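> Below you'll find the structure I mean.
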Amino acid sequence: MTQALIYALTGAVLFMLGVRSTLLRDSLLARILGLNVSGAGIFLIFVSLAYRGDSMPTDPIPHALVLTGLVVAISATALALALNRRLREMDDE
Amino acid sequence: MNNLLIWPVALPLLSALLALLWPRRSTWIGVAGTGLSLSAVLLVSRQVVESGSIELALGGWAPGLGIALRVDGLSLLMLLMSSLVAMAVAVYSSVYFSDSERRGEFWVLWLLLITALHALFLSGDLFNLYVTLELLGLSAVVLACLGGSRASLQAALRYLVLGLLGSLAFLMGVALIYAGYGTLDMAALGDAIEAGPTAWVALSLMTGGLLIKSALFPLHFWLPPAHANAPAPVSAVLSALVVKAALYLILRLWLELFDGVVTQASAMIIGVLGAVAVLWGSWAALQAQRLKLMAAYSTVAQLGYLFLFLPLLAAIPEGEGRDLALGALVLLALTHGFAKSAFFLAAGVIMQRAGHDRIAELGGTARALPVTAFTIALAGVALIGLPPSGSFLAKWQLLSTVFVTGQWLWLPVIAVGTLLAGAYIFRLLGHAFAPGEGVGPSLSVGREEIPAVLLALIATLLLGFWAAEVWELVPISAYAGGEA
């Protein structure tokens with residue numbers, strides 16, 4: 001169980017690091033990256049939750065959740081980057 | 001018959017795909033799709049009134065592994081509000097966007113927004129709620145920047161980043177719940193969750209995330225620029241419906257899932273923030289120079305009232321008394337939804353006619369646009385809480401709950417907030433009914449003025465007279481811990 005715990009704790013640390021840079025950094029790109037790091041932390045926690053010991057098969061539900069979550073995270077990141085670029089283009093004009 | 005629950009989600013989704021494939025007919029598809037989803041909601045509501053809450057296990061998979069859709073009194077009222085407001089706003093948008101190049105994009109996103117809202121109100125599963133929250137947030141952000149101005153893009157981007165942060169906090173809470181209880185089905189969780197570190201941390205994370213999305217003071221700062229810079233029909237649904245979705249989730253969490261975990265002290269904190277929101281939002285609305293900004297600050301204040309109910313609800317034991325207070329909360333939320341959407345649509349009519357929305361230069365509005373001026377006055381009656389509007393009855397019940405629970409602290413807040421609301425509405429009406437040429441020559445009643453006046457009439461008359469039905473529907477609960 002300790003191995004899963006290490007992964008889960010790493011996930012929690014990643015989540016907090018991401019939230020910190022989303023809130024405190026000025027650069028928009030850094031904030032978008034911060035959100036992605038946070039998301040990765042949460043997904044790591046979900047994946048570590050799926051582990052139920054060597055003798056049992058892993059729990060499929062958290063895996064399904066992570067897959068869905070990844071799709072959402074990618075779409076959101078794409079939208080944020082597109083908006084960011086549009087703003088930059090407006091500044092250049 | 002339970003398959004009925006699919007349609008309020010499936011119809012707008014299919015229409016969105018159709019509008020994407022057939023952009024030249026998008027206006028037609030958009031209005032028809034919104035109308036079809038409204039009729040689906042009406043069918044569902046007939047079923048609920050006749051035989052109580054409905055549950056549907058999607059694809060035949062039992063909840064736990066599969067995803068359940070559920071509808072009860074609370075979600076039905078939210079569905080009815082969102083589909084009725086959406087219908088009126090869609091008719092308005094068919095005129096508003098008739099000459100716009102953005103027409104095709106608007107209707108696809110519009111239908112997706114309705115899909116996400118309906119799915120959110122029907123979801124019975126925490127992870128599914130996260131997905132619908134994100135769908136709602138993403139479509140709302142893109143709609144908010146359709147105006148294309150720099151200010152609207154900037155506001156939309158801030159809205160997006162904060163919204164994503166909010167939903168990630170929510171997702172973190174979902175992960176903790178799954179770790180602690182091994183299920184995400186809300187009906188099963190209602191019985192399982194007990195007070196303890198996991199539940200506390202999960203509740204704080206989820207509530208914190210949702211408070212960002214529902215713009216409770218001091219997390220409200222993204223709302224006024226985002227709502228004020230969006231195109232008028234978009235502002236109307238953002239202010240009336242999208243913020244209510246997060247509020248709805250907070251109610252579900254606090255009253256049903258975590259009802260054994262919530263402490264009076266934590267509810268008091270939310271209540272105090274709500275009180276500051278009422279005072280500060282109303283004050284900022286009074287200071288606002290632009291009509292849409294005023295309406296956006298008024299939304300911050302009106303949301304504050306809704307959060308005042310949480311410490312009151314936490315203090316009342318489950319039963320008839322709490323259902324009365326909860327009914328008042330829902331009635332206030334519904335009235336605000338109809339009134340604020342009417343208000344934003346009226347502001348849009350004025351803006352298109354006058355080319356600006358500076359309050360001080362609105363003289364002559366009442367003569368040039370009598371129907372729209374009437375709409376603003378009617379919506380104002382509901383925003384202040386004068387009889388016979390639904391919010392008058394709701395505030396009355398709020399006051400009597402304050403007396404019953406002895407939480408006198410809220411009394412001056414409600415009084416001052418109502419006076420300030422009166423002040424900002426009458427300041428606006430003073431300018432609108434003054435003589436002047438600010439709005440241009442008098443014209444006949446436009447098709448775009450009708451939806452707004454209907455929405456305002458629902459808020460001021462219909463909800464006032466049908467308030468008893470709201471109080472009857474609210475106690476019908478699909479979840480443990482909520483039954484009367």
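How things are named: the first chain in the structure tokens is A, the next is B, and so on; residues count from 1 in each chain; ligands count from 1 in the order shown.
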Kindly provide, as a list in words, the residues of chain B having any atom no farther than 9 Å from an atom of chain A, counting only C-alpha atoms.
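Result: Leu65, Phe127, Tyr130, Val131, Glu134, Leu135, Leu138, Val142, Arg150, Leu153, Gln154, Ala156, Leu157, Leu160, Val161, Leu162, Leu164, Leu165, Leu168, Leu171, Met172, Ala175, Leu176, Tyr178 and Ala179 of chain B.
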> Excluding same-chain residues fewer than 3 positions from B:Leu383, what lies within 10 Å of it counting only C-alpha atoms, as a count of residues only?
26
> From the set B:Val300, B:Ala155, B:Leu308, B:Leu11, which residue has the shortest atom-to-atom contact distance to B:Ser214, counting only C-alpha atoms?
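Among B:Val300, B:Ala155, B:Leu308, B:Leu11, it is B:Val300 that comes nearest to B:Ser214.
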> As a PyMOL selection string, list the residues of chain A assigned to alpha helix (DSSP H) by DSSP on the backbone atoms of this structure.
chain A and resi 2-24+28-50+60-92
> With only C-alpha atoms as the counted atoms, please give the residues lying no more than 12 Å from B:Val330, apart from itself and same-chain residues fewer than 4 positions off, as a ChimeraX atom specification.
/B:73-78,81,244,247-248,251,303,305-307,309,323-326,334-337,390-391,393-395,397-398,463,467-475
> Can those selected residues be exported to a file as a CSV table (one decimal), in the first residue's frame so that it contains N, CA and C atoms?

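Dumped everything to out-v6.csv:
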chain,number,residue,atom,x,y,z
B,73,GLY,N,-37.8,17.5,-7.0
B,73,GLY,CA,-38.5,18.8,-7.0
B,73,GLY,C,-37.5,19.9,-7.3
B,74,LEU,N,-36.3,19.9,-6.6
B,74,LEU,CA,-35.3,21.0,-6.7
B,74,LEU,C,-34.8,21.0,-8.2
B,75,SER,N,-34.4,19.8,-8.7
B,75,SER,CA,-33.8,19.9,-10.0
B,75,SER,C,-34.9,20.2,-11.1
B,76,LEU,N,-36.1,19.8,-10.8
B,76,LEU,CA,-37.2,20.1,-11.8
B,76,LEU,C,-37.4,21.6,-11.9
B,77,LEU,N,-37.4,22.3,-10.7
B,77,LEU,CA,-37.6,23.7,-10.7
B,77,LEU,C,-36.5,24.4,-11.5
B,78,MET,N,-35.2,23.9,-11.2
B,78,MET,CA,-34.1,24.5,-11.9
B,78,MET,C,-34.2,24.3,-13.4
B,81,MET,N,-36.8,26.6,-14.9
B,81,MET,CA,-36.3,27.9,-15.0
B,81,MET,C,-35.4,28.0,-16.2
B,244,LYS,N,-26.3,30.0,-11.2
B,244,LYS,CA,-27.3,29.3,-10.4
B,244,LYS,C,-26.9,27.8,-10.4
B,247,LEU,N,-24.7,27.2,-7.6
B,247,LEU,CA,-25.4,27.4,-6.3
B,247,LEU,C,-26.2,26.1,-6.1
B,248,TYR,N,-26.8,25.6,-7.1
B,248,TYR,CA,-27.6,24.3,-7.0
B,248,TYR,C,-26.8,23.2,-6.5
B,251,LEU,N,-26.1,23.6,-2.8
B,251,LEU,CA,-27.3,23.1,-2.0
B,251,LEU,C,-27.4,21.6,-1.9
B,303,LEU,N,-27.1,37.1,-5.4
B,303,LEU,CA,-26.5,35.8,-5.1
B,303,LEU,C,-26.2,35.7,-3.6
B,305,TYR,N,-27.9,37.1,-1.2
B,305,TYR,CA,-29.1,36.7,-0.4
B,305,TYR,C,-29.3,35.2,-0.4
B,306,LEU,N,-29.0,34.6,-1.5
B,306,LEU,CA,-29.2,33.1,-1.5
B,306,LEU,C,-28.3,32.4,-0.5
B,307,PHE,N,-27.1,33.0,-0.4
B,307,PHE,CA,-26.1,32.3,0.6
B,307,PHE,C,-26.5,32.6,2.0
B,309,PHE,N,-29.2,32.1,3.3
B,309,PHE,CA,-30.1,31.0,3.7
B,309,PHE,C,-29.3,29.9,4.3
B,323,ASP,N,-38.1,22.9,5.0
B,323,ASP,CA,-38.7,22.9,3.6
B,323,ASP,C,-39.2,24.3,3.3
B,324,LEU,N,-39.9,25.0,4.3
B,324,LEU,CA,-40.4,26.3,4.0
B,324,LEU,C,-39.2,27.2,3.6
B,325,ALA,N,-38.1,27.2,4.4
B,325,ALA,CA,-37.0,28.1,4.1
B,325,ALA,C,-36.3,27.7,2.8
B,326,LEU,N,-36.2,26.4,2.5
B,326,LEU,CA,-35.6,26.0,1.3
B,326,LEU,C,-36.5,26.4,0.1
B,334,LEU,N,-35.3,31.5,-8.5
B,334,LEU,CA,-36.1,31.5,-9.7
B,334,LEU,C,-36.5,32.9,-10.1
B,335,THR,N,-37.0,33.7,-9.1
B,335,THR,CA,-37.4,35.1,-9.5
B,335,THR,C,-36.2,35.9,-10.0
B,336,HIS,N,-35.1,35.7,-9.4
B,336,HIS,CA,-33.9,36.4,-9.9
B,336,HIS,C,-33.6,36.0,-11.3
B,337,GLY,N,-33.6,34.7,-11.5
B,337,GLY,CA,-33.3,34.1,-12.9
B,337,GLY,C,-34.2,34.8,-13.9
B,390,GLY,N,-42.3,37.2,-6.9
B,390,GLY,CA,-41.9,36.0,-6.1
B,390,GLY,C,-40.9,36.3,-5.0
B,391,SER,N,-40.0,37.3,-5.3
B,391,SER,CA,-39.0,37.6,-4.3
B,391,SER,C,-39.6,38.3,-3.1
B,393,LEU,N,-42.4,37.4,-1.6
B,393,LEU,CA,-42.8,36.2,-0.7
B,393,LEU,C,-41.6,35.5,-0.1
B,394,ALA,N,-40.5,35.4,-1.0
B,394,ALA,CA,-39.3,34.7,-0.5
B,394,ALA,C,-38.6,35.5,0.6
B,395,LYS,N,-38.5,36.8,0.4
B,395,LYS,CA,-37.9,37.6,1.4
B,395,LYS,C,-38.7,37.6,2.7
B,397,GLN,N,-40.5,35.1,3.8
B,397,GLN,CA,-40.2,33.9,4.5
B,397,GLN,C,-38.8,33.9,5.1
B,398,LEU,N,-37.9,34.6,4.4
B,398,LEU,CA,-36.5,34.7,4.9
B,398,LEU,C,-36.5,35.4,6.2
B,463,LEU,N,-44.7,34.0,-10.7
B,463,LEU,CA,-44.1,33.4,-9.5
B,463,LEU,C,-44.7,33.9,-8.2
B,467,ALA,N,-46.4,30.8,-6.2
B,467,ALA,CA,-45.4,30.4,-5.2
B,467,ALA,C,-45.7,29.1,-4.5
B,468,ALA,N,-47.0,28.9,-4.2
B,468,ALA,CA,-47.4,27.7,-3.4
B,468,ALA,C,-46.9,26.4,-4.1
B,469,GLU,N,-47.0,26.4,-5.5
B,469,GLU,CA,-46.5,25.3,-6.3
B,469,GLU,C,-45.0,25.0,-6.0
B,470,VAL,N,-44.3,26.1,-6.0
B,470,VAL,CA,-42.8,25.9,-5.7
B,470,VAL,C,-42.6,25.3,-4.4
B,471,TRP,N,-43.3,25.7,-3.3
B,471,TRP,CA,-43.2,25.2,-2.0
B,471,TRP,C,-43.6,23.7,-2.0
B,472,GLU,N,-44.6,23.4,-2.8
B,472,GLU,CA,-45.0,22.0,-2.9
B,472,GLU,C,-44.0,21.1,-3.5
B,473,LEU,N,-43.3,21.6,-4.6
B,473,LEU,CA,-42.4,20.8,-5.3
B,473,LEU,C,-41.1,20.5,-4.6
B,474,VAL,N,-40.6,21.5,-3.8
B,474,VAL,CA,-39.3,21.4,-3.2
B,474,VAL,C,-39.1,20.2,-2.3
B,475,PRO,N,-40.1,19.8,-1.5
B,475,PRO,CA,-39.8,18.7,-0.6
B,475,PRO,C,-39.7,17.3,-1.4
> Counting only C-alpha atoms, figure out which residue out of B:Tyr297, B:Ala315, B:Ala366, B:Leu109 gets nearest to B:Met268.
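Among the listed residues, B:Ala315 lies closest to B:Met268.
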> Hey, what's within 10 Å of B:Leu211 if we count only C-alpha atoms and toss same-chain stuff fewer than 5 positions away? As a list in words, please?
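Returned residues: Gly166, Leu205, Met206, Leu216, Phe217, Pro218, Leu219, His220, Val243, Ala246, Leu247, Ile250 and Ile270 of chain B.
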> Leaving out B:Leu143 and any residue of its chain fewer than 6 positions from it, which residues lie within 8 Å of it when counting only C-alpha atoms, given as a ChimeraX atom specification?
/B:106,109-110,230,234
